[in-house]
Amino acid sequence: MYEGVNASDGIGIGVARVAVEPDLSFTPHKPDDAGDEKQRYAAAVAKFIEQTNAQIERMTQTVGEEAAAIMGAHIEFAEDEGIQEMVNGSIDAGMCAEQAVSEAYDMYYNMFSNMEDELFRERAADVADVKTGLLADLLGKEVVDLSTLPENSIVVVHELTPSMTADIDKDNVAGIVTETGGRTSHSAIIARALEIPAVLSVADVTKNIKSGDMIIVDGSRGRVLVNPGDNDLTHYRAKAKQYAEEKLALEAYRGKETLTGDGEKVLLVANIGNPDDANVASEHDCEGVGLFRSEFLFMDAKELPSEDEQFAAYQKVALRMKDQPVIIRTLDVGGDKEIPYMNLQKEENPFMGYRAVRYCLNNPDQYKVQLTALLRASAFGDIKIMVPLVTNIDEIRQVKALVEECKADLDARGVAYNKDIEVGTMIETPAASLIADDLAAECDFFSIGTNDLIGYTMCADRGNDKVGYLYEVYQPAVLRSLKRIIEEGNKAGIMVGMCGEAAADPLLIPVLISFGLNEFSVSAPSILRTRRIISEWTKAEADALTEKVMKLKTATEVKAMLQAAAR
C-alpha cells in the first residue's frame with residue numbers, strides 16, 4: 001500500500017494506465033536567422049493559446065466555469081509580455097527558440113516553486129505546463145493524451161497538469177494517482193470538480209506501478225493499493241457503494257439551515273479564491289463567504305490593480321451572494337510571495353517577515369486603494385473587511401484609522417458605502433491568541449486561520465514531511481488556543497468564525513460546537529457534509545466529549561478519542 005495526499009474524496013477501482021510524458025530533450029544550437037526563430041516561437045504561442053481556449057470551452061461544459069478558469073492562467077503565462085521579451089531577447093542573443101523558452105520558463109518555475117505559500121507554489125505547475133506545451137510544439141512532439149482511455153482506468157502520472165485533466169473523459173477514469181501536487185494544486189481542484197478520487201504526491205508510483213495493474217484509489221484517506229487481494233477488493237467495493245449512498249443522502253441537507261442537533265443555528269460559509277468561485281460556492285448551498293483571498297487579484301495582474309478593478313471584483317461577489325455575508329481578507333502578500341511589480345525583497349525567514357498587514361501598513365497609499373474599493377463594494381452587499389496576520393493592537397487600530405480616512409474621501413466624492421461596515425481580524429498567530437480579549441474589544445469579528453495557527457503554534461512547516469507529525473489540529477496546545485480565541489470572542493459578543501482546513505474536519509466539528517464557534521467556513525464541496533455532521537451533535541453531547549478530550553495530553557490520544565466518537 002502507498003500513501004499520499006488525499007486530494008479528492010471517493011473510492012476508485014480499476015486498471016492502471018501509466019501515462020508516459022514526451023521526451024522534450026533538445027540540443028541547444030545557434031539559429032541561422034533570429035527572425036525566423038522568433039516566428040517559430042510566436043507560432044508556438046499562438047497554437048498553444050488556440051488549443052488552450054478549446055480546452056477551456058470543453059471544460060466549461062464538463063466541469064463548470066470555476067475549473068475551466070484555471071486554464072486561463074496558462075494563457076496569461078503564454079502571453080506574458082515579460083516572458084515574451086525574455087525569450088525574444090535570448091533568441092536575439094543567439095539561442096534557439098527551444099533553449100530560450102526553456103530558460104525563461106525555468107526561471108519563473110523556480111521563482112514560484114521556492115515560495116513558502118502553498119497556493120503560490122502551485123503556480124509553478126502552471127508554468128511547467130505552458131513550457132511543456134510550447135516545447136512540444138517546437139519539437140514536433142505530442143503531449144500526454146487522456147481523452148481516449150478505456151472504461152475504469154486509473155491514471156498514474158508523475159504530474160497531472162491542468163491541460164491533461166482538461167481532456168479527461170470522467171466517465172472512463174475511475175481514479176488518479178500522481179507523484180506530485182497538494183490539496184490546493186490545480187490538478188486537485190479539477191479532480192474534485194470532476195468528482196474523480198485522487199491521491200497525489202505518492203513517491204515513485206510511475207516506476208512501481210505498471211499499466212495493467214489492478215489499482216484501488218482511496219481518495220478520502222490518501223491510500224493506493226496495487227493488485228489487491230480478494231478481501232481488500234470486497235472491502236473497498238462495499239466502501240465505494242457506501243460513499244455513493246452517503247453522497248446522495250447529503251442532498252437532503254440542501255436548502256436547509258445549518259443547525260446543531262438541538263436547534264442552535266450556526267453559519268456555514270465558503271472559502272473562495274476569486275470572484276468566479278462565488279458561483280460554485282452558491283451552487284453548493286453556502287450561506288455566504290467566510291474567506292475571499294484578495295491576493296489573487298494582485299498575483300494575476302501585471303501591475304497593481306486599480307481601485308475600479310478591485311471594486312469590480314468585490315462587487316461581483318457581493319451581488320452574487322445578495323444579502324449573505326462576504327468576508328474579504330485584505331492583501332496577504334509579502335516575503336515569500338514575489339509579485340514582480342511589488343519589488344519585494346527576498347527574506348531568510350519570510351514566514352515571519354515583511355508580509356500581510358505589515359506590508360500594507362508600510363504602504364498606506366496602496367492599502368487605501370484596496371480599502372476604498374472594499375467600502376464601495378459594501379454598498380452592494382454585506383461586505384466585511386478582514387485583516388491578516390495581526391499580532392498587536394496597534395495594527396488593527398491603524399487599519400481602522402485608514403478605513404476612516406477612506407470613508408471621509410468617499411463622503412467628499414459623494415460615493416455610497418456601508419457606514420457601519422465591520423472590520424475584523426484573522427487570528428492565526430499565538431500572539432493574537434494570547435491577546436484575544438484585547439483584540440475582541442477592537443474588532444467586529446474574528447476568523448481563525450487554523451492553517452497558520454497550527455504552524456506557528458507548533459513551529460512546524462506543513463510542507464515539511466519530517467515535522468508533519470507536529471502539524472496537527474489535534475495537538476493539545478492548538479486546541480487550548482482555539483478554545484481561548486472562541487471564548488474571548490463570545491464574551492465580547494462578536495462573531496467568531498474559522499476559515500482554515502480544520503473547520504471542515506468531521507472529527508473536530510463537535511469540539512468546535514462545544515467551544516462555541518459561530519461560523520464554519522469550508523471549501524464548497526464540503527458544505528453539505530459539514531452541515532450533516534453539525535446536525536448530528538447537540539451542544540450537551542459535544543460538551544461531554546470535549547470535556548474528556550481537553551484532559552488528554554497528546555495529539556494521538558485526542559485523535560483516537562474523536563475517531564471513536566465520530567458519527
# chains A, B, ... in the order shown; residues from 1 in each chain; ligands from 1

$ select_by_dssp --residues "stretch 360-475 of chain A" --states "strand (DSSP E or B)" --output "NGL selection string"
:A and (382-387 or 422-427 or 445-448)

$ closest_atom_pairs --of "stretch 426-530 of chain A" --to "stretch 270-276 of chain A" --cutoff "6 Å" --atoms "only C-alpha atoms" --output "CSV"
residue,atom,partner,partner_atom,distance
A:Ser521,CA,A:Ala270,CA,4.9
A:Val522,CA,A:Ala270,CA,4.9
A:Ser523,CA,A:Asn271,CA,5.4
A:Ala524,CA,A:Ala270,CA,5.7

$ residues_around --residues "A:Glu76" --least-positions-apart "5" --cutoff "12 Å" --atoms "only C-alpha atoms" --output "list in words"
Val45, Phe48, Ile49, Thr52, Asn53, Ala69, Ile70, Met71, Glu81, Gly82, Ile83, Gln84, Arg123, Asp126, Val127, Val130, Met299, Asp300, Ala301 and Lys302 of chain A

$ write_last_selection --atoms "N, CA and C atoms" --output "PDB file, in the first residue's frame"
ATOM      1  N   VAL A  45       3.331  29.901 -29.608  1.00  0.00           N
ATOM      2  CA  VAL A  45       2.472  30.586 -28.636  1.00  0.00           C
ATOM      3  C   VAL A  45       1.041  30.655 -29.155  1.00  0.00           C
ATOM      4  N   PHE A  48      -0.566  27.251 -28.964  1.00  0.00           N
ATOM      5  CA  PHE A  48      -0.837  26.885 -27.574  1.00  0.00           C
ATOM      6  C   PHE A  48      -2.098  27.591 -27.076  1.00  0.00           C
ATOM      7  N   ILE A  49      -2.226  28.879 -27.376  1.00  0.00           N
ATOM      8  CA  ILE A  49      -3.393  29.643 -26.933  1.00  0.00           C
ATOM      9  C   ILE A  49      -4.666  29.114 -27.578  1.00  0.00           C
ATOM     10  N   THR A  52      -5.530  25.871 -25.873  1.00  0.00           N
ATOM     11  CA  THR A  52      -5.990  26.101 -24.505  1.00  0.00           C
ATOM     12  C   THR A  52      -7.401  26.663 -24.485  1.00  0.00           C
ATOM     13  N   ASN A  53      -7.711  27.565 -25.389  1.00  0.00           N
ATOM     14  CA  ASN A  53      -9.079  28.097 -25.466  1.00  0.00           C
ATOM     15  C   ASN A  53     -10.074  26.992 -25.790  1.00  0.00           C
ATOM     16  N   ALA A  69     -11.723  28.073 -15.551  1.00  0.00           N
ATOM     17  CA  ALA A  69     -10.989  29.331 -15.386  1.00  0.00           C
ATOM     18  C   ALA A  69      -9.523  29.098 -15.029  1.00  0.00           C
ATOM     19  N   ILE A  70      -9.228  27.936 -14.448  1.00  0.00           N
ATOM     20  CA  ILE A  70      -7.842  27.604 -14.101  1.00  0.00           C
ATOM     21  C   ILE A  70      -6.955  27.655 -15.337  1.00  0.00           C
ATOM     22  N   MET A  71      -7.508  27.216 -16.476  1.00  0.00           N
ATOM     23  CA  MET A  71      -6.722  27.193 -17.703  1.00  0.00           C
ATOM     24  C   MET A  71      -6.391  28.591 -18.200  1.00  0.00           C
ATOM     25  N   GLU A  81       4.035  39.562 -21.268  1.00  0.00           N
ATOM     26  CA  GLU A  81       4.971  40.398 -22.024  1.00  0.00           C
ATOM     27  C   GLU A  81       6.405  40.235 -21.531  1.00  0.00           C
ATOM     28  N   GLY A  82       6.565  40.116 -20.208  1.00  0.00           N
ATOM     29  CA  GLY A  82       7.905  39.963 -19.651  1.00  0.00           C
ATOM     30  C   GLY A  82       8.575  38.684 -20.126  1.00  0.00           C
ATOM     31  N   ILE A  83       7.803  37.595 -20.144  1.00  0.00           N
ATOM     32  CA  ILE A  83       8.359  36.320 -20.598  1.00  0.00           C
ATOM     33  C   ILE A  83       8.676  36.388 -22.095  1.00  0.00           C
ATOM     34  N   GLN A  84       7.766  36.955 -22.855  1.00  0.00           N
ATOM     35  CA  GLN A  84       7.992  37.048 -24.301  1.00  0.00           C
ATOM     36  C   GLN A  84       9.222  37.902 -24.624  1.00  0.00           C
ATOM     37  N   ARG A 123       1.426  27.560  -8.493  1.00  0.00           N
ATOM     38  CA  ARG A 123       1.507  28.234  -9.783  1.00  0.00           C
ATOM     39  C   ARG A 123       2.658  27.693 -10.621  1.00  0.00           C
ATOM     40  N   ASP A 126       1.544  25.442 -13.304  1.00  0.00           N
ATOM     41  CA  ASP A 126       1.017  26.120 -14.492  1.00  0.00           C
ATOM     42  C   ASP A 126       2.150  26.531 -15.423  1.00  0.00           C
ATOM     43  N   VAL A 127       3.225  27.073 -14.825  1.00  0.00           N
ATOM     44  CA  VAL A 127       4.381  27.499 -15.627  1.00  0.00           C
ATOM     45  C   VAL A 127       4.962  26.301 -16.371  1.00  0.00           C
ATOM     46  N   VAL A 130       2.790  25.246 -19.367  1.00  0.00           N
ATOM     47  CA  VAL A 130       2.950  26.096 -20.548  1.00  0.00           C
ATOM     48  C   VAL A 130       4.268  25.776 -21.248  1.00  0.00           C
ATOM     49  N   MET A 299      -1.891  38.858  -7.670  1.00  0.00           N
ATOM     50  CA  MET A 299      -0.966  37.878  -8.224  1.00  0.00           C
ATOM     51  C   MET A 299      -1.197  37.681  -9.717  1.00  0.00           C
ATOM     52  N   ASP A 300      -2.450  37.785 -10.158  1.00  0.00           N
ATOM     53  CA  ASP A 300      -2.771  37.531 -11.553  1.00  0.00           C
ATOM     54  C   ASP A 300      -2.695  38.784 -12.422  1.00  0.00           C
ATOM     55  N   ALA A 301      -2.262  39.912 -11.830  1.00  0.00           N
ATOM     56  CA  ALA A 301      -2.173  41.168 -12.578  1.00  0.00           C
ATOM     57  C   ALA A 301      -0.727  41.464 -12.966  1.00  0.00           C
ATOM     58  N   LYS A 302      -0.562  42.283 -13.985  1.00  0.00           N
ATOM     59  CA  LYS A 302       0.777  42.690 -14.420  1.00  0.00           C
ATOM     60  C   LYS A 302       1.235  43.946 -13.703  1.00  0.00           C
TER      61      LYS A 302
END

$ closest_residue --among "A:Val144, A:Cys360, A:Ile396, A:Ala540" --to "A:Asp332" --atoms "only C-alpha atoms"
A:Cys360

$ select_by_dssp --residues "stretch 281-477 of chain A" --states "alpha helix (DSSP H)" --output "VMD selection string"
chain A and resid 281 to 283 295 to 299 307 to 321 356 to 361 364 to 377 393 to 413 430 to 434 436 to 442 450 to 458 476 to 477
